[in-house]
Protein chains: 2
Amino acid sequence: MASIEDVARATGVSTATVSRALRGLASVAEPTRARVQLAAQSLGYVPSAAAASLASGRTKAIGLLTPHVSRWFFAVCIETVEAVLRTHGYDVLLVILPPGGRTTPGPGRTLPPSRPMIEGDLLRKRVDATIVLTLPLVSAELGVLQGLGHEVVYVGGSAPGLCSFGIDDVAVGASATQHLVDLGHRDITFVGGSLSPGDWAPPQERYRGYQRVMAEVGLPEQEVVSADLTVADGRRVGRELLRRRTLPPALVCASDEVAIGVLHELRVAGVDVPAQVSVIGVDDHPHAVLHDLTTISQPVAEQAELATRWLLGALDGPKGEDAVIRTERLTTHLVTRGTTTHAGWERSHP
Amino acid sequence: MASIEDVARATGVSTATVSRALRGLASVAEPTRARVQLAAQSLGYVPSAAAASLASGRTKAIGLLTPHVSRWFFAVCIETVEAVLRTHGYDVLLVILPPGGRTTPGPGRTLPPSRPMIEGDLLRKRVDATIVLTLPLVSAELGVLQGLGHEVVYVGGSAPGLCSFGIDDVAVGASATQHLVDLGHRDITFVGGSLSPGDWAPPQERYRGYQRVMAEVGLPEQEVVSADLTVADGRRVGRELLRRRTLPPALVCASDEVAIGVLHELRVAGVDVPAQVSVIGVDDHPHAVLHDLTTISQPVAEQAELATRWLLGALDGPKGEDAVIRTERLTTHLVTRGTTTHAGWERSHP
DNA sequence: CTGTTAGCGCATTCAG
DNA sequence: CTGAATGCGCTAACAG
């Protein structure tokens with residue numbers, strides 16, 4: 001366990017010089033730096049992150065808060081964030097906060113009691129900044145994040161009071177709905193809404209887009225079908241729809257994963273998609289094409305990368321000066337595949 | 001930024017007592033502890049991880065090394081590991097080491113030059129132990145891991161010289177192959193092998209299982225089809241197979257994701273699965289059932305959980321005493337679905 | 001360009 | 001059960 005002092009002794013310089021040399025500060029003579037590096041290497045010296053943090057006040061680590069890992073959007077974000085941070089010398093502290101139970105009770109603002117404290121404790125002092133991935137935050141948590149005393153950036157949507165890089169989920173819901181309207185559909189059902197309309201998480205926003213378009217074109221809203229954004233829950237919804245007397249002819253699903261689940265059950269039951277039911281999802285998940293799913297595509301890695309780079313810039317740049325809250329919305333686009341078609345197609349078809 | 005001293009002053013005790021009280025050490029009078037906790041809370045005191053690490057020598061963080069995030073196996077492992085560690089007060093330092101390029105050149109043992117050093121630097125002193133997820137390590141890296149000076153556990157298979165919790169990939173490959181043999185197949189092709197047979201990563205081991213069974217039953221090995229374990233690469237393979245004069249009648253795929261990709265292309269091209277081609281995968285990926293894929297199921301979360309709990313035990317327990325290298329293999333099982341059937345089924349069918 | 005001097009905030013002896 | 005003293009290993013002024 002060589003320490004900086006061993007390296008200093010071996011090189012015949014002071015520990016301060018070793019520190020400077022190894023960190024690449026300009027004010028070190030090149031020959032000196034070379035000797036220091038050599039000695040450090042041959043001694044197998046590795047600086048103590050704890051000591052460096054304590055002395056410098058910076059941890060060179062960044063917290064990454066996410067509600068999931070095994071869902072495509074989050075996995076891609078995590079990979080992207082990690083890659084960018086690592087090339088810039090930052091470590092990633094992964095914190096998973098499953099949203100489970102959070103939107104269930106009462107007015108949708110209750111949390112398991114341990115959660116907010118965990119966030120505060122966990123991130124403060126341990127990291128230099130925090131990246132939050134599309135976590136359906138409640139206001140108490142926003143407060144915690146803002147009180148963290150360091151930069152916070154939100155990825156995947158927008159969050160009140162935080163810098164964010166994401167997409168416009170209302171617009172996404174609207175586009176998906178509009179696509180079906182354009183195909184002549186009038187009876188359009190939204191799948192994937194949650195029960196707590198007070199939250200501003202993506203499914204809720206997408207639902208608002210649906211509502212907006214339906215209102216604009218004067219169509220009656222159908223009762224929303226609640227679902228987690230998973231294949232498993234999509235399947236549950238699919239089976240539920242099959243039990244109805246008549247199938248809904250057009251579905252806007254809040255994500256491709258639900259859409260894929262629904263599609264699967266419908267097809268297994270012999271329903272002709274899109275002839276009997278048109279289905280559109282959101283994401284352009286890698287598996288969407290396997291199911292020939294029409295969807296709204298969003299640039300996931302780009303959102304994560306932009307957010308991370310912005311954060312790195314903010315960490316270098318003027319501290320606390322740019323109090324401007326930056327909210328960037330990346331563009332999405334419709335990917336037309338085979339699960340959507342004109343209303344009434346079935347009747348006009350052999 | 002309240003420090004331990006502020007809490008001590010506010011409570012009228014020494015910093016040592018604050019430290020003990022807050023960490024739950026037994027040797028503190030209950031009333032004292034209560035007062036300390038109250039003061040700490042009202043001051044918003046959060047201990048400095050850096051200072052604690054420096055003083056105690058333990059970081060309360062664990063490194064998690066993984067080659068991927070967006071693949072099902074790894075995502076589930078990451079979620080599981082994080083959940084277990086967090087409930088035990090440990091932070092997770094996520095390190096992604098994409099295996100890209102590692103098995104490509106020369107004898108399959110070359111690495112991008114930066115990699116091994118990164119590992120050593122990154123993990124040493126920053127974490128108390130390391131969990132490695134099914135990373136196709138080369139011997140140099142094994143050396144680095146073993147020289148890290150702390151506990152290391154491997155998840156998903158086994159690694160020479162490391163404690164590990166995983167499945168027997170050779171047996172998995174053998175089971176999959178045996179299933180096809182039992183169905184009367186004689187012309188069986190392995191998909192997903194890598195080009196570097198020197199490595200002992202899962203695909204290679206599964207391939208060895210295939211080889212073993214083929215040899216045992218006296219069947220000729222077919223030329224292995226290389227593929228990444230992804231849907232995209234599975235599709236590439238599917239298209240390649242379609243260009244052959246005759247389709248291989250039976251495929252053992254090294255993972256469900258490749259299998260799903262292959263299946264998709266075959267079906268889109270009008271190939272009847274399983275009548276013309278039988279396909280079996282490995283994993284029992286959540287999407288496998290959507291494609292009616294026969295597969296070998298493995299308990300992913302269990303592997304990760306066992307490994308993590310073992311590690312926590314090792315961190316508490318006797319240091320360096322239990323030099324026994326523990327290798328635990330969990331059981332897998334065949335899940336028969338609709339993508340495999342008897343050889344010659346097509347001919348005997350209307 | 002380099003050395004000297006102080007802490008960073010806590011956990012841990014060792015006394016009491 | 002509690003307090004006083006020591007140092008973990010490094011970075012950041014400040015001199016030179």
# chains A, B, ... in the order shown; residues from 1 in each chain; ligands from 1
>>> closest_atom_pairs(of="region 10-118 of chain A", to="chain C", cutoff="8 Å", atoms="only C-alpha atoms (C1' of nucleotides)", output="JSON lines")
{"residue": "A:Ser14", "atom": "CA", "partner": "C:DG3", "partner_atom": "C1'", "distance": 6.3}
{"residue": "A:Ala16", "atom": "CA", "partner": "C:DG3", "partner_atom": "C1'", "distance": 7.8}
{"residue": "A:Thr17", "atom": "CA", "partner": "C:DT2", "partner_atom": "C1'", "distance": 6.9}
{"residue": "A:Ser27", "atom": "CA", "partner": "C:DC1", "partner_atom": "C1'", "distance": 6.1}
{"residue": "A:Val28", "atom": "CA", "partner": "C:DC1", "partner_atom": "C1'", "distance": 6.0}
{"residue": "A:Ala29", "atom": "CA", "partner": "C:DC1", "partner_atom": "C1'", "distance": 6.5}
{"residue": "A:Leu54", "atom": "CA", "partner": "C:DC8", "partner_atom": "C1'", "distance": 4.8}
{"residue": "A:Ala55", "atom": "CA", "partner": "C:DC8", "partner_atom": "C1'", "distance": 4.6}
{"residue": "A:Ser56", "atom": "CA", "partner": "C:DC8", "partner_atom": "C1'", "distance": 7.5}
{"residue": "A:Gly57", "atom": "CA", "partner": "C:DC8", "partner_atom": "C1'", "distance": 7.6}
>>> interface_residues(of="chain D", to="chain A", cutoff="10 Å", atoms="only C-alpha atoms (C1' of nucleotides)", output="list in words")
DC8, DG9, DC10, DT11 and DA12 of chain D
>>> write_last_selection(atoms="C-alpha atoms (C1' of nucleotides)", output="PDB file, in the first residue's frame")
ATOM      1  C1'  DC D   8      -5.729   8.412   8.047  1.00  0.00           C
ATOM      2  C1'  DG D   9      -3.341  10.450   2.899  1.00  0.00           C
ATOM      3  C1'  DC D  10      -3.832  13.936   0.373  1.00  0.00           C
ATOM      4  C1'  DT D  11      -4.496  18.997  -1.612  1.00  0.00           C
ATOM      5  C1'  DA D  12      -4.092  23.906  -1.143  1.00  0.00           C
TER       6       DA D  12
END
>>> interface_residues(of="chain A", to="chain B", cutoff="7 Å", atoms="only C-alpha atoms", output="list in words")
Val46, Ser48, Ala49, Ala50, Ala51, Ser53, Leu54, Val69, Ser70, Trp72, Ala75, Val76, Glu79, Asp91, Val92, Leu93, Leu94, Asp121, Lys125, Arg126, His264 and Leu290 of chain A
>>> select_by_dssp(residues="region 248-303 of chain A", states="strand (DSSP E)", output="list in words")
Ala250, Leu251, Val252, Cys253, Ser278, Val279, Ile280, Gly281, Val282, Asp283, Thr294, Thr295, Ile296 and Ser297 of chain A
>>> write_last_selection(atoms="C-alpha atoms", output="PDB file, in the first residue's frame")
ATOM      1  CA  ALA A 250     -57.236   1.665 -31.813  1.00  0.00           C
ATOM      2  CA  LEU A 251     -54.728   1.757 -28.965  1.00  0.00           C
ATOM      3  CA  VAL A 252     -52.149   4.354 -28.014  1.00  0.00           C
ATOM      4  CA  CYS A 253     -49.715   2.586 -25.718  1.00  0.00           C
ATOM      5  CA  SER A 278     -54.430  -0.735 -34.581  1.00  0.00           C
ATOM      6  CA  VAL A 279     -51.631  -0.337 -32.033  1.00  0.00           C
ATOM      7  CA  ILE A 280     -48.998   2.353 -31.654  1.00  0.00           C
ATOM      8  CA  GLY A 281     -46.256   2.519 -29.036  1.00  0.00           C
ATOM      9  CA  VAL A 282     -43.573   4.921 -27.900  1.00  0.00           C
ATOM     10  CA  ASP A 283     -39.776   4.503 -27.838  1.00  0.00           C
ATOM     11  CA  THR A 294     -45.606   1.415 -35.288  1.00  0.00           C
ATOM     12  CA  THR A 295     -44.112   3.781 -32.726  1.00  0.00           C
ATOM     13  CA  ILE A 296     -42.789   7.201 -31.835  1.00  0.00           C
ATOM     14  CA  SER A 297     -39.023   7.051 -31.784  1.00  0.00           C
TER      15      SER A 297
END
>>> closest_residue(among="B:Ala275, B:Val324, B:Leu311, B:Val237", to="Val224 (chain B)", atoms="only C-alpha atoms")
B:Val237
>>> select_by_dssp(residues="region 46-277 of chain B", states="helix (DSSP H, G or I)", output="VMD selection string")
chain B and resid 49 to 56 72 to 87 115 to 123 139 to 146 169 to 182 202 to 216 231 to 242 256 to 268
>>> atom_distance(atom1="CA of Val277 (chain A)", atom2="CA of Gln211 (chain A)")
19.9 Å
>>> closest_residue(among="B:Val335, B:Val132, B:Val13, B:Val18", to="chain C", atoms="only C-alpha atoms (C1' of nucleotides)")
B:Val18
>>> residues_around(residues="His342 (chain A)", least_positions_apart="6", cutoff="12 Å", atoms="only C-alpha atoms (C1' of nucleotides)", output="mmCIF file with C-alpha atoms, in the first residue's frame")
data_model
loop_
_atom_site.group_PDB
_atom_site.id
_atom_site.type_symbol
_atom_site.label_atom_id
_atom_site.label_comp_id
_atom_site.auth_asym_id
_atom_site.auth_seq_id
_atom_site.Cartn_x
_atom_site.Cartn_y
_atom_site.Cartn_z
ATOM 1 C CA HIS A 179 -51.377 9.276 -36.261
ATOM 2 C CA LEU A 180 -54.430 7.196 -35.462
ATOM 3 C CA VAL A 181 -56.742 10.139 -36.045
ATOM 4 C CA ASP A 182 -55.113 10.672 -39.421
ATOM 5 C CA LEU A 183 -55.887 7.065 -40.250
ATOM 6 C CA GLY A 184 -59.537 7.820 -39.663
ATOM 7 C CA HIS A 185 -59.875 6.323 -36.204
ATOM 8 C CA ARG A 186 -62.436 7.846 -33.888
ATOM 9 C CA PRO A 249 -60.190 -0.629 -32.522
ATOM 10 C CA ALA A 250 -57.236 1.665 -31.813
ATOM 11 C CA VAL A 273 -53.583 -6.578 -36.030
ATOM 12 C CA PRO A 274 -53.981 -4.046 -37.560
ATOM 13 C CA ALA A 275 -57.182 -5.087 -39.314
ATOM 14 C CA GLN A 276 -59.187 -5.383 -36.128
ATOM 15 C CA VAL A 277 -57.018 -3.370 -33.773
ATOM 16 C CA SER A 278 -54.430 -0.735 -34.581
ATOM 17 C CA VAL A 279 -51.631 -0.337 -32.033
ATOM 18 C CA SER A 348 -63.394 -2.947 -46.966
ATOM 19 C CA HIS A 349 -61.078 -5.909 -47.101
#
>>> atom_distance(atom1="CA of Ser255 (chain A)", atom2="CA of Thr339 (chain B)")
27.6 Å
>>> residues_around(residues="Ala39 (chain A)", least_positions_apart="4", cutoff="10 Å", atoms="only C-alpha atoms (C1' of nucleotides)", output="PyMOL selection string")
chain A and resi 6-11+18+33-35+43-45
